[in-house]
Structure formats: structure tokens, C-alpha cells
Amino acid sequence: MSRTHPGSQTSPVPDAGAQVGVIIVAGGAGQRLGLGIPKAQVQVAGRSILDHALQGVLDAGVAHEICVVVPADDTVLRATVAEVVTDVPVLLVAGGATRPDSVNAGLAALSPGISHVLVHDAARALTPPAVFRRVVAALHAGAEAVIPVIPVVDTIKTVDGGLVTGTPPRETLRAVQTPQGFNINTLRLAHQAPGAAVTDDAMLLERLGIPVQVVDGDDAAFKVTTAQDLQLAAILARNPTGRPQP
């Protein structure tokens, strides 16, 4: 049965001609959740993590095209995408062996007219629409790369061999979230550059010396990784005041 996402905006925000694609990466195994199913299939308040992530993208109203990257053999996630009813084109592609491989698959699938791309982790399922809009606004203002961040509240230590090697000043540290936004051609070039493994797409641009701008993230955009995260996500999803509305 088709599912219409309630409250979804059917036309993107004004953007002076820029075309925005959103890649949702939904390939996590969910091993730390211990439920025996891929993370994006896990239910939060009666809907899958992927379904919540799609809802957030649609509610933001910034996407001209959405590309969902799932494991090739995951029929459950494919069915979730197939049930979405929206006038925004939603593409479905098979992911690769690594996260960069999956992002590359999404980049290859987007239409030629897409000028900017947001890369979003499905595991950050409750990311408020305002975060998407802040990232896109910075791209429209001319930034090549934009990431949402929140302040680090804990003291952070660098450690080597069981010993503390330093304490970086907390005021210079930020925790990074998604969606991360880029000029699509710049991101494609960055993915082609050789280098060691990365933990997010912004690192690729940092290696090339391309400035990465930051905007405010949101505490609700946390990554569902552990059973405790899942419990918090369920509370926020059920509480109308816990997830900011568009």
C-alpha cells in the first residue's frame, strides 16, 4: 500500500535556480543495536528509521530529487522507498562495500541538472527540517561545502597506548552531523582523489584544502547507534514537542 508522508512539502524552497539532490545513505548493519536486522529497518514509534529519515527530507522542502542508497539485497528497505508518495523524484540505488562507495553510487544516479547535493545518514532519522534548510541556505550563499555541528560538552582527551597525550581546547571542538552539503562537482572530484579511509564526506574536501563552512546542527539529529539511542528516538518521535515541526 502506498504511503503519503503527512505534512510533506511538494515544492522546494526558493533557490535562485539551484537544483538540490539529497542522498540518503541507509546501509548500516545495526550490529550495536543487537536486533538482528539492518539499522534502517528498525522501527521507531511504528515507523522504520528510513521512513523517518525520508519524512525529514520531505518536510524540509529543499529536495528537487532524492536518492536512497540501500544494500542490493534488502527487499524491506526497497519496499519502504517504493511506498513513498510525493511529487519529488525518489531514486533507489544499490550501495557499495563502503560508505564512500555508496555515496558515489548516489552521485552517479542523480540527474545532470542537480547542482548541489546533501549527503544524509538515515541513522540521523529525526534531524529537524530546519537543519536541512540551514545547510542549503549556506550553499545558496556560495559555500562549496557545509556541515551542521553542535558544541562538544565533554572534555576530550587524545590517547595513545593507554596514555593521555593531550587535551584539545573544548571551545574549538564540534560534533559533526548530517546532512552535509556540497557543490556536486566539487564532491565528485573529492571522491576521485586518492587517500586513506574517511569517516565523513567533508574530510575529502578538507584534504583538498577546500573550506568547509559550519552551521548550527541540532541535538535531535543524533545518530541512532545503541539501544539507548533507540529508546531516546522513540520518546522524541512520539512527543510532538520533541521533534521540531517545519
# chains A, B, ... in the order shown; residues from 1 in each chain; ligands from 1
$ closest_atom_pairs --of "region 138-232 of chain A" --to "region 85-108 of chain A" --cutoff "9 Å" --atoms "only C-alpha atoms" --output "JSON lines"
{"residue": "A:Ile184", "atom": "CA", "partner": "A:Leu107", "partner_atom": "CA", "distance": 7.9}
{"residue": "A:Leu187", "atom": "CA", "partner": "A:Leu107", "partner_atom": "CA", "distance": 8.8}
{"residue": "A:Arg188", "atom": "CA", "partner": "A:Leu107", "partner_atom": "CA", "distance": 7.4}
{"residue": "A:His191", "atom": "CA", "partner": "A:Asn104", "partner_atom": "CA", "distance": 7.4}
{"residue": "A:Ala197", "atom": "CA", "partner": "A:Pro100", "partner_atom": "CA", "distance": 8.7}
{"residue": "A:Val198", "atom": "CA", "partner": "A:Pro100", "partner_atom": "CA", "distance": 8.1}
{"residue": "A:Thr199", "atom": "CA", "partner": "A:Arg99", "partner_atom": "CA", "distance": 8.4}
{"residue": "A:Asp200", "atom": "CA", "partner": "A:Pro100", "partner_atom": "CA", "distance": 8.5}
{"residue": "A:Asp201", "atom": "CA", "partner": "A:Pro100", "partner_atom": "CA", "distance": 7.8}
$ write_last_selection --atoms "all heavy atoms" --output "PDB file, in the first residue's frame"
ATOM      1  N   ILE A 184      27.999  19.814  -6.141  1.00  0.00           N
ATOM      2  CA  ILE A 184      28.071  18.410  -6.534  1.00  0.00           C
ATOM      3  C   ILE A 184      29.337  18.091  -7.326  1.00  0.00           C
ATOM      4  O   ILE A 184      29.936  17.018  -7.147  1.00  0.00           O
ATOM      5  CB  ILE A 184      26.804  17.991  -7.322  1.00  0.00           C
ATOM      6  CG1 ILE A 184      26.751  16.460  -7.446  1.00  0.00           C
ATOM      7  CG2 ILE A 184      26.742  18.670  -8.686  1.00  0.00           C
ATOM      8  CD1 ILE A 184      25.415  15.938  -7.940  1.00  0.00           C
ATOM      9  N   LEU A 187      32.234  17.733  -4.891  1.00  0.00           N
ATOM     10  CA  LEU A 187      32.206  16.470  -4.149  1.00  0.00           C
ATOM     11  C   LEU A 187      32.626  15.310  -5.047  1.00  0.00           C
ATOM     12  O   LEU A 187      33.343  14.403  -4.606  1.00  0.00           O
ATOM     13  CB  LEU A 187      30.815  16.222  -3.570  1.00  0.00           C
ATOM     14  CG  LEU A 187      30.691  14.960  -2.703  1.00  0.00           C
ATOM     15  CD1 LEU A 187      31.635  15.020  -1.513  1.00  0.00           C
ATOM     16  CD2 LEU A 187      29.248  14.766  -2.226  1.00  0.00           C
ATOM     17  N   ARG A 188      32.211  15.324  -6.285  1.00  0.00           N
ATOM     18  CA  ARG A 188      32.622  14.254  -7.202  1.00  0.00           C
ATOM     19  C   ARG A 188      34.137  14.232  -7.369  1.00  0.00           C
ATOM     20  O   ARG A 188      34.766  13.171  -7.354  1.00  0.00           O
ATOM     21  CB  ARG A 188      31.930  14.443  -8.546  1.00  0.00           C
ATOM     22  CG  ARG A 188      30.463  13.993  -8.551  1.00  0.00           C
ATOM     23  CD  ARG A 188      29.781  14.309  -9.854  1.00  0.00           C
ATOM     24  NE  ARG A 188      28.447  13.697  -9.910  1.00  0.00           N
ATOM     25  CZ  ARG A 188      27.421  14.219 -10.545  1.00  0.00           C
ATOM     26  NH1 ARG A 188      27.560  15.377 -11.199  1.00  0.00           N
ATOM     27  NH2 ARG A 188      26.252  13.610 -10.549  1.00  0.00           N
ATOM     28  N   HIS A 191      35.820  12.798  -4.273  1.00  0.00           N
ATOM     29  CA  HIS A 191      35.708  11.347  -4.160  1.00  0.00           C
ATOM     30  C   HIS A 191      36.679  10.623  -5.087  1.00  0.00           C
ATOM     31  O   HIS A 191      37.002   9.458  -4.863  1.00  0.00           O
ATOM     32  CB  HIS A 191      34.274  10.894  -4.447  1.00  0.00           C
ATOM     33  CG  HIS A 191      33.414  10.822  -3.226  1.00  0.00           C
ATOM     34  ND1 HIS A 191      33.353   9.702  -2.427  1.00  0.00           N
ATOM     35  CD2 HIS A 191      32.598  11.738  -2.641  1.00  0.00           C
ATOM     36  CE1 HIS A 191      32.522   9.926  -1.417  1.00  0.00           C
ATOM     37  NE2 HIS A 191      32.047  11.153  -1.529  1.00  0.00           N
ATOM     38  N   ALA A 197      40.994   5.978   4.324  1.00  0.00           N
ATOM     39  CA  ALA A 197      39.575   5.953   4.641  1.00  0.00           C
ATOM     40  C   ALA A 197      39.163   7.216   5.388  1.00  0.00           C
ATOM     41  O   ALA A 197      39.932   7.800   6.148  1.00  0.00           O
ATOM     42  CB  ALA A 197      39.269   4.720   5.482  1.00  0.00           C
ATOM     43  N   VAL A 198      37.920   7.624   5.148  1.00  0.00           N
ATOM     44  CA  VAL A 198      37.381   8.813   5.803  1.00  0.00           C
ATOM     45  C   VAL A 198      36.106   8.434   6.544  1.00  0.00           C
ATOM     46  O   VAL A 198      35.470   7.434   6.241  1.00  0.00           O
ATOM     47  CB  VAL A 198      37.090   9.932   4.791  1.00  0.00           C
ATOM     48  CG1 VAL A 198      38.365  10.410   4.116  1.00  0.00           C
ATOM     49  CG2 VAL A 198      36.072   9.468   3.747  1.00  0.00           C
ATOM     50  N   THR A 199      35.743   9.247   7.511  1.00  0.00           N
ATOM     51  CA  THR A 199      34.524   8.991   8.282  1.00  0.00           C
ATOM     52  C   THR A 199      33.367   9.882   7.875  1.00  0.00           C
ATOM     53  O   THR A 199      32.233   9.653   8.286  1.00  0.00           O
ATOM     54  CB  THR A 199      34.790   9.170   9.785  1.00  0.00           C
ATOM     55  OG1 THR A 199      35.328  10.479  10.013  1.00  0.00           O
ATOM     56  CG2 THR A 199      35.783   8.126  10.286  1.00  0.00           C
ATOM     57  N   ASP A 200      33.642  10.919   7.086  1.00  0.00           N
ATOM     58  CA  ASP A 200      32.558  11.702   6.511  1.00  0.00           C
ATOM     59  C   ASP A 200      33.051  12.356   5.226  1.00  0.00           C
ATOM     60  O   ASP A 200      34.246  12.399   4.939  1.00  0.00           O
ATOM     61  CB  ASP A 200      31.988  12.720   7.504  1.00  0.00           C
ATOM     62  CG  ASP A 200      32.907  13.912   7.742  1.00  0.00           C
ATOM     63  OD1 ASP A 200      34.102  13.850   7.376  1.00  0.00           O
ATOM     64  OD2 ASP A 200      32.440  14.908   8.303  1.00  0.00           O
ATOM     65  N   ASP A 201      32.128  12.846   4.427  1.00  0.00           N
ATOM     66  CA  ASP A 201      32.484  13.405   3.125  1.00  0.00           C
ATOM     67  C   ASP A 201      33.263  14.701   3.246  1.00  0.00           C
ATOM     68  O   ASP A 201      34.092  15.013   2.380  1.00  0.00           O
ATOM     69  CB  ASP A 201      31.217  13.617   2.304  1.00  0.00           C
ATOM     70  CG  ASP A 201      30.564  12.304   1.927  1.00  0.00           C
ATOM     71  OD1 ASP A 201      30.971  11.708   0.922  1.00  0.00           O
ATOM     72  OD2 ASP A 201      29.664  11.863   2.661  1.00  0.00           O
TER      73      ASP A 201
END
$ residues_around --residues "Pro148 (chain A)" --least-positions-apart "3" --cutoff "6 Å" --atoms "only C-alpha atoms" --output "number ranges by chain"
A: 177, 214-217
$ write_last_selection --atoms "N, CA, C and O atoms" --output "tab-separated table (two decimals), in the first residue's frame"
chain	number	residue	atom	x	y	z
A	177	GLN	N	27.35	16.49	12.30
A	177	GLN	CA	26.13	15.77	11.99
A	177	GLN	C	25.93	15.73	10.46
A	177	GLN	O	26.81	16.11	9.70
A	214	VAL	N	30.54	25.81	8.59
A	214	VAL	CA	29.68	25.15	9.56
A	214	VAL	C	28.42	25.98	9.78
A	214	VAL	O	28.43	27.20	9.68
A	215	VAL	N	27.34	25.27	10.07
A	215	VAL	CA	26.08	25.89	10.50
A	215	VAL	C	25.61	25.14	11.74
A	215	VAL	O	26.12	24.06	12.06
A	216	ASP	N	24.64	25.69	12.42
A	216	ASP	CA	24.14	25.05	13.63
A	216	ASP	C	23.42	23.75	13.31
A	216	ASP	O	22.56	23.68	12.42
A	217	GLY	N	23.79	22.71	14.03
A	217	GLY	CA	23.07	21.46	13.97
A	217	GLY	C	21.95	21.45	14.99
A	217	GLY	O	21.43	22.50	15.37
$ atom_distance --atom1 "CA of Gly166 (chain A)" --atom2 "CA of Val224 (chain A)"
29.0 Å
$ closest_residue --among "A:Leu126, A:Gly61, A:Ala53, A:Pro71" --to "Asp229 (chain A)" --atoms "only C-alpha atoms"
A:Leu126
$ select_by_dssp --residues "region 53-241 of chain A" --states "alpha helix (DSSP H)" --output "PDB file with C-alpha atoms, in the first residue's frame"
ATOM      1  CA  ALA A  53      14.623   9.976   7.563  1.00  0.00           C
ATOM      2  CA  LEU A  54      12.646  10.320   4.342  1.00  0.00           C
ATOM      3  CA  GLN A  55       9.972  12.245   6.218  1.00  0.00           C
ATOM      4  CA  GLY A  56      12.551  14.740   7.465  1.00  0.00           C
ATOM      5  CA  VAL A  57      13.900  15.363   3.965  1.00  0.00           C
ATOM      6  CA  LEU A  58      10.437  15.856   2.513  1.00  0.00           C
ATOM      7  CA  ASP A  59       9.341  18.107   5.362  1.00  0.00           C
ATOM      8  CA  ALA A  60      12.368  20.335   4.781  1.00  0.00           C
ATOM      9  CA  THR A  75      13.931  -6.034  -0.122  1.00  0.00           C
ATOM     10  CA  VAL A  76      12.421  -4.489   3.026  1.00  0.00           C
ATOM     11  CA  LEU A  77      14.114  -1.117   2.547  1.00  0.00           C
ATOM     12  CA  ARG A  78      13.343  -1.209  -1.159  1.00  0.00           C
ATOM     13  CA  ALA A  79       9.664  -1.671  -0.319  1.00  0.00           C
ATOM     14  CA  THR A  80       9.823   1.254   2.108  1.00  0.00           C
ATOM     15  CA  VAL A  81      11.077   3.543  -0.650  1.00  0.00           C
ATOM     16  CA  ALA A  82       8.551   2.206  -3.146  1.00  0.00           C
ATOM     17  CA  ARG A  99      30.253   4.327   2.707  1.00  0.00           C
ATOM     18  CA  PRO A 100      32.246   6.266   0.045  1.00  0.00           C
ATOM     19  CA  ASP A 101      31.247   3.599  -2.476  1.00  0.00           C
ATOM     20  CA  SER A 102      27.602   4.109  -1.532  1.00  0.00           C
ATOM     21  CA  VAL A 103      27.832   7.891  -1.789  1.00  0.00           C
ATOM     22  CA  ASN A 104      29.476   7.521  -5.196  1.00  0.00           C
ATOM     23  CA  ALA A 105      26.597   5.306  -6.308  1.00  0.00           C
ATOM     24  CA  GLY A 106      24.171   8.008  -5.237  1.00  0.00           C
ATOM     25  CA  LEU A 107      26.151  10.722  -7.015  1.00  0.00           C
ATOM     26  CA  ALA A 108      26.141   8.704 -10.219  1.00  0.00           C
ATOM     27  CA  ALA A 109      22.361   8.267 -10.065  1.00  0.00           C
ATOM     28  CA  PRO A 129      13.838  20.202   8.743  1.00  0.00           C
ATOM     29  CA  ALA A 130      15.467  23.460   9.860  1.00  0.00           C
ATOM     30  CA  VAL A 131      18.912  21.818   9.765  1.00  0.00           C
ATOM     31  CA  PHE A 132      18.461  20.898   6.092  1.00  0.00           C
ATOM     32  CA  ARG A 133      17.366  24.438   5.336  1.00  0.00           C
ATOM     33  CA  ARG A 134      20.376  25.986   7.083  1.00  0.00           C
ATOM     34  CA  VAL A 135      22.754  23.812   5.079  1.00  0.00           C
ATOM     35  CA  VAL A 136      21.031  24.646   1.794  1.00  0.00           C
ATOM     36  CA  ALA A 137      20.933  28.377   2.606  1.00  0.00           C
ATOM     37  CA  ALA A 138      24.707  28.369   3.101  1.00  0.00           C
ATOM     38  CA  LEU A 139      25.187  26.571  -0.231  1.00  0.00           C
ATOM     39  CA  HIS A 140      22.975  29.089  -1.983  1.00  0.00           C
ATOM     40  CA  ILE A 184      28.071  18.410  -6.534  1.00  0.00           C
ATOM     41  CA  ASN A 185      31.003  18.743  -8.937  1.00  0.00           C
ATOM     42  CA  THR A 186      33.353  19.540  -6.070  1.00  0.00           C
ATOM     43  CA  LEU A 187      32.206  16.470  -4.149  1.00  0.00           C
ATOM     44  CA  ARG A 188      32.622  14.254  -7.202  1.00  0.00           C
ATOM     45  CA  LEU A 189      36.180  15.471  -7.670  1.00  0.00           C
ATOM     46  CA  ALA A 190      36.922  14.950  -3.975  1.00  0.00           C
ATOM     47  CA  HIS A 191      35.708  11.347  -4.160  1.00  0.00           C
ATOM     48  CA  GLN A 192      38.094  10.682  -7.035  1.00  0.00           C
ATOM     49  CA  ASP A 201      32.484  13.405   3.125  1.00  0.00           C
ATOM     50  CA  ALA A 202      33.728  16.732   4.463  1.00  0.00           C
ATOM     51  CA  MET A 203      37.104  15.121   5.212  1.00  0.00           C
ATOM     52  CA  LEU A 204      37.599  14.583   1.489  1.00  0.00           C
ATOM     53  CA  LEU A 205      37.265  18.302   0.821  1.00  0.00           C
ATOM     54  CA  GLU A 206      39.460  19.196   3.794  1.00  0.00           C
ATOM     55  CA  ARG A 207      42.267  17.120   2.239  1.00  0.00           C
ATOM     56  CA  ALA A 227      19.884   0.634  22.299  1.00  0.00           C
ATOM     57  CA  GLN A 228      19.857   3.770  24.438  1.00  0.00           C
ATOM     58  CA  ASP A 229      19.789   5.944  21.300  1.00  0.00           C
ATOM     59  CA  LEU A 230      16.844   3.912  20.043  1.00  0.00           C
ATOM     60  CA  GLN A 231      14.932   4.486  23.278  1.00  0.00           C
ATOM     61  CA  LEU A 232      15.560   8.230  23.066  1.00  0.00           C
ATOM     62  CA  ALA A 233      14.482   8.298  19.418  1.00  0.00           C
ATOM     63  CA  ALA A 234      11.220   6.555  20.311  1.00  0.00           C
ATOM     64  CA  ILE A 235      10.494   9.128  23.021  1.00  0.00           C
ATOM     65  CA  LEU A 236      11.189  12.051  20.683  1.00  0.00           C
ATOM     66  CA  ALA A 237       9.209  10.551  17.803  1.00  0.00           C
ATOM     67  CA  ARG A 238       6.149  10.062  19.994  1.00  0.00           C
TER      68      ARG A 238
END
$ closest_residue --among "A:Asp73, A:Glu171, A:Asp51, A:Asp219" --to "Ile156 (chain A)" --atoms "only C-alpha atoms"
A:Glu171
$ closest_residue --among "A:Ala125, A:Leu110, A:Ala40, A:Ala45" --to "Gly28 (chain A)" --atoms "only C-alpha atoms"
A:Ala40
$ residues_around --residues "Thr158 (chain A)" --least-positions-apart "4" --cutoff "8 Å" --atoms "only C-alpha atoms" --output "MDAnalysis selection string"
chainID A and resid 164:168
$ write_last_selection --atoms "C-alpha atoms" --output "compact mmCIF listing (two decimals), in the first residue's frame"
# COMPACT_ATOMS: atom_id res chain seq x y z
CA VAL A 164 46.74 10.55 27.57
CA THR A 165 48.73 12.57 25.05
CA GLY A 166 46.80 15.81 25.14
CA THR A 167 43.62 17.74 25.85
CA PRO A 168 42.43 19.84 22.91
$ select_by_dssp --residues "region 54-234 of chain A" --states "strand (DSSP E)" --output "number ranges by chain"
A: 65-70, 84-85, 90-94, 116-121, 145-151, 158-160, 163-166, 174-176, 180-183, 213-216
$ residues_around --residues "region 143-145 of chain A" --least-positions-apart "4" --cutoff "7 Å" --atoms "only C-alpha atoms" --output "PDB file with N, CA, C and O atoms, in the first residue's frame"
ATOM      1  N   ALA A 138      23.271  28.069   3.188  1.00  0.00           N
ATOM      2  CA  ALA A 138      24.707  28.369   3.101  1.00  0.00           C
ATOM      3  C   ALA A 138      25.252  28.017   1.716  1.00  0.00           C
ATOM      4  O   ALA A 138      26.097  28.732   1.170  1.00  0.00           O
ATOM      5  N   LEU A 139      24.773  26.923   1.131  1.00  0.00           N
ATOM      6  CA  LEU A 139      25.187  26.571  -0.231  1.00  0.00           C
ATOM      7  C   LEU A 139      24.730  27.628  -1.228  1.00  0.00           C
ATOM      8  O   LEU A 139      25.479  28.045  -2.112  1.00  0.00           O
ATOM      9  N   GLY A 181      26.362  19.319   3.045  1.00  0.00           N
ATOM     10  CA  GLY A 181      26.025  19.845   1.729  1.00  0.00           C
ATOM     11  C   GLY A 181      27.241  20.241   0.926  1.00  0.00           C
ATOM     12  O   GLY A 181      28.228  20.729   1.484  1.00  0.00           O
ATOM     13  N   PHE A 182      27.162  20.060  -0.395  1.00  0.00           N
ATOM     14  CA  PHE A 182      28.302  20.318  -1.264  1.00  0.00           C
ATOM     15  C   PHE A 182      27.857  20.790  -2.640  1.00  0.00           C
ATOM     16  O   PHE A 182      26.766  20.446  -3.110  1.00  0.00           O
ATOM     17  N   ASN A 183      28.728  21.549  -3.302  1.00  0.00           N
ATOM     18  CA  ASN A 183      28.648  21.688  -4.738  1.00  0.00           C
ATOM     19  C   ASN A 183      28.882  20.300  -5.310  1.00  0.00           C
ATOM     20  O   ASN A 183      29.879  19.643  -4.974  1.00  0.00           O
ATOM     21  N   PRO A 211      37.602  25.056   1.772  1.00  0.00           N
ATOM     22  CA  PRO A 211      36.986  25.466   3.043  1.00  0.00           C
ATOM     23  C   PRO A 211      35.644  24.764   3.275  1.00  0.00           C
ATOM     24  O   PRO A 211      34.842  24.620   2.337  1.00  0.00           O
ATOM     25  N   VAL A 212      35.428  24.337   4.498  1.00  0.00           N
ATOM     26  CA  VAL A 212      34.171  23.708   4.887  1.00  0.00           C
ATOM     27  C   VAL A 212      33.492  24.609   5.908  1.00  0.00           C
ATOM     28  O   VAL A 212      34.019  24.822   7.006  1.00  0.00           O
ATOM     29  N   GLN A 213      32.354  25.139   5.548  1.00  0.00           N
ATOM     30  CA  GLN A 213      31.616  26.056   6.424  1.00  0.00           C
ATOM     31  C   GLN A 213      30.759  25.258   7.399  1.00  0.00           C
ATOM     32  O   GLN A 213      30.290  24.160   7.077  1.00  0.00           O
TER      33      GLN A 213
END
$ atom_distance --atom1 "CA of Val70 (chain A)" --atom2 "CA of Gln41 (chain A)"
10.6 Å
$ atom_distance --atom1 "CA of Ala221 (chain A)" --atom2 "CA of His52 (chain A)"
11.7 Å
$ closest_residue --among "A:Val146, A:Ile114, A:Ile23, A:Ala122" --to "Lys39 (chain A)" --atoms "only C-alpha atoms"
A:Ala122
$ closest_residue --among "A:Ala220, A:Leu173, A:Ile66, A:Val119" --to "Gln19 (chain A)" --atoms "only C-alpha atoms"
A:Ile66
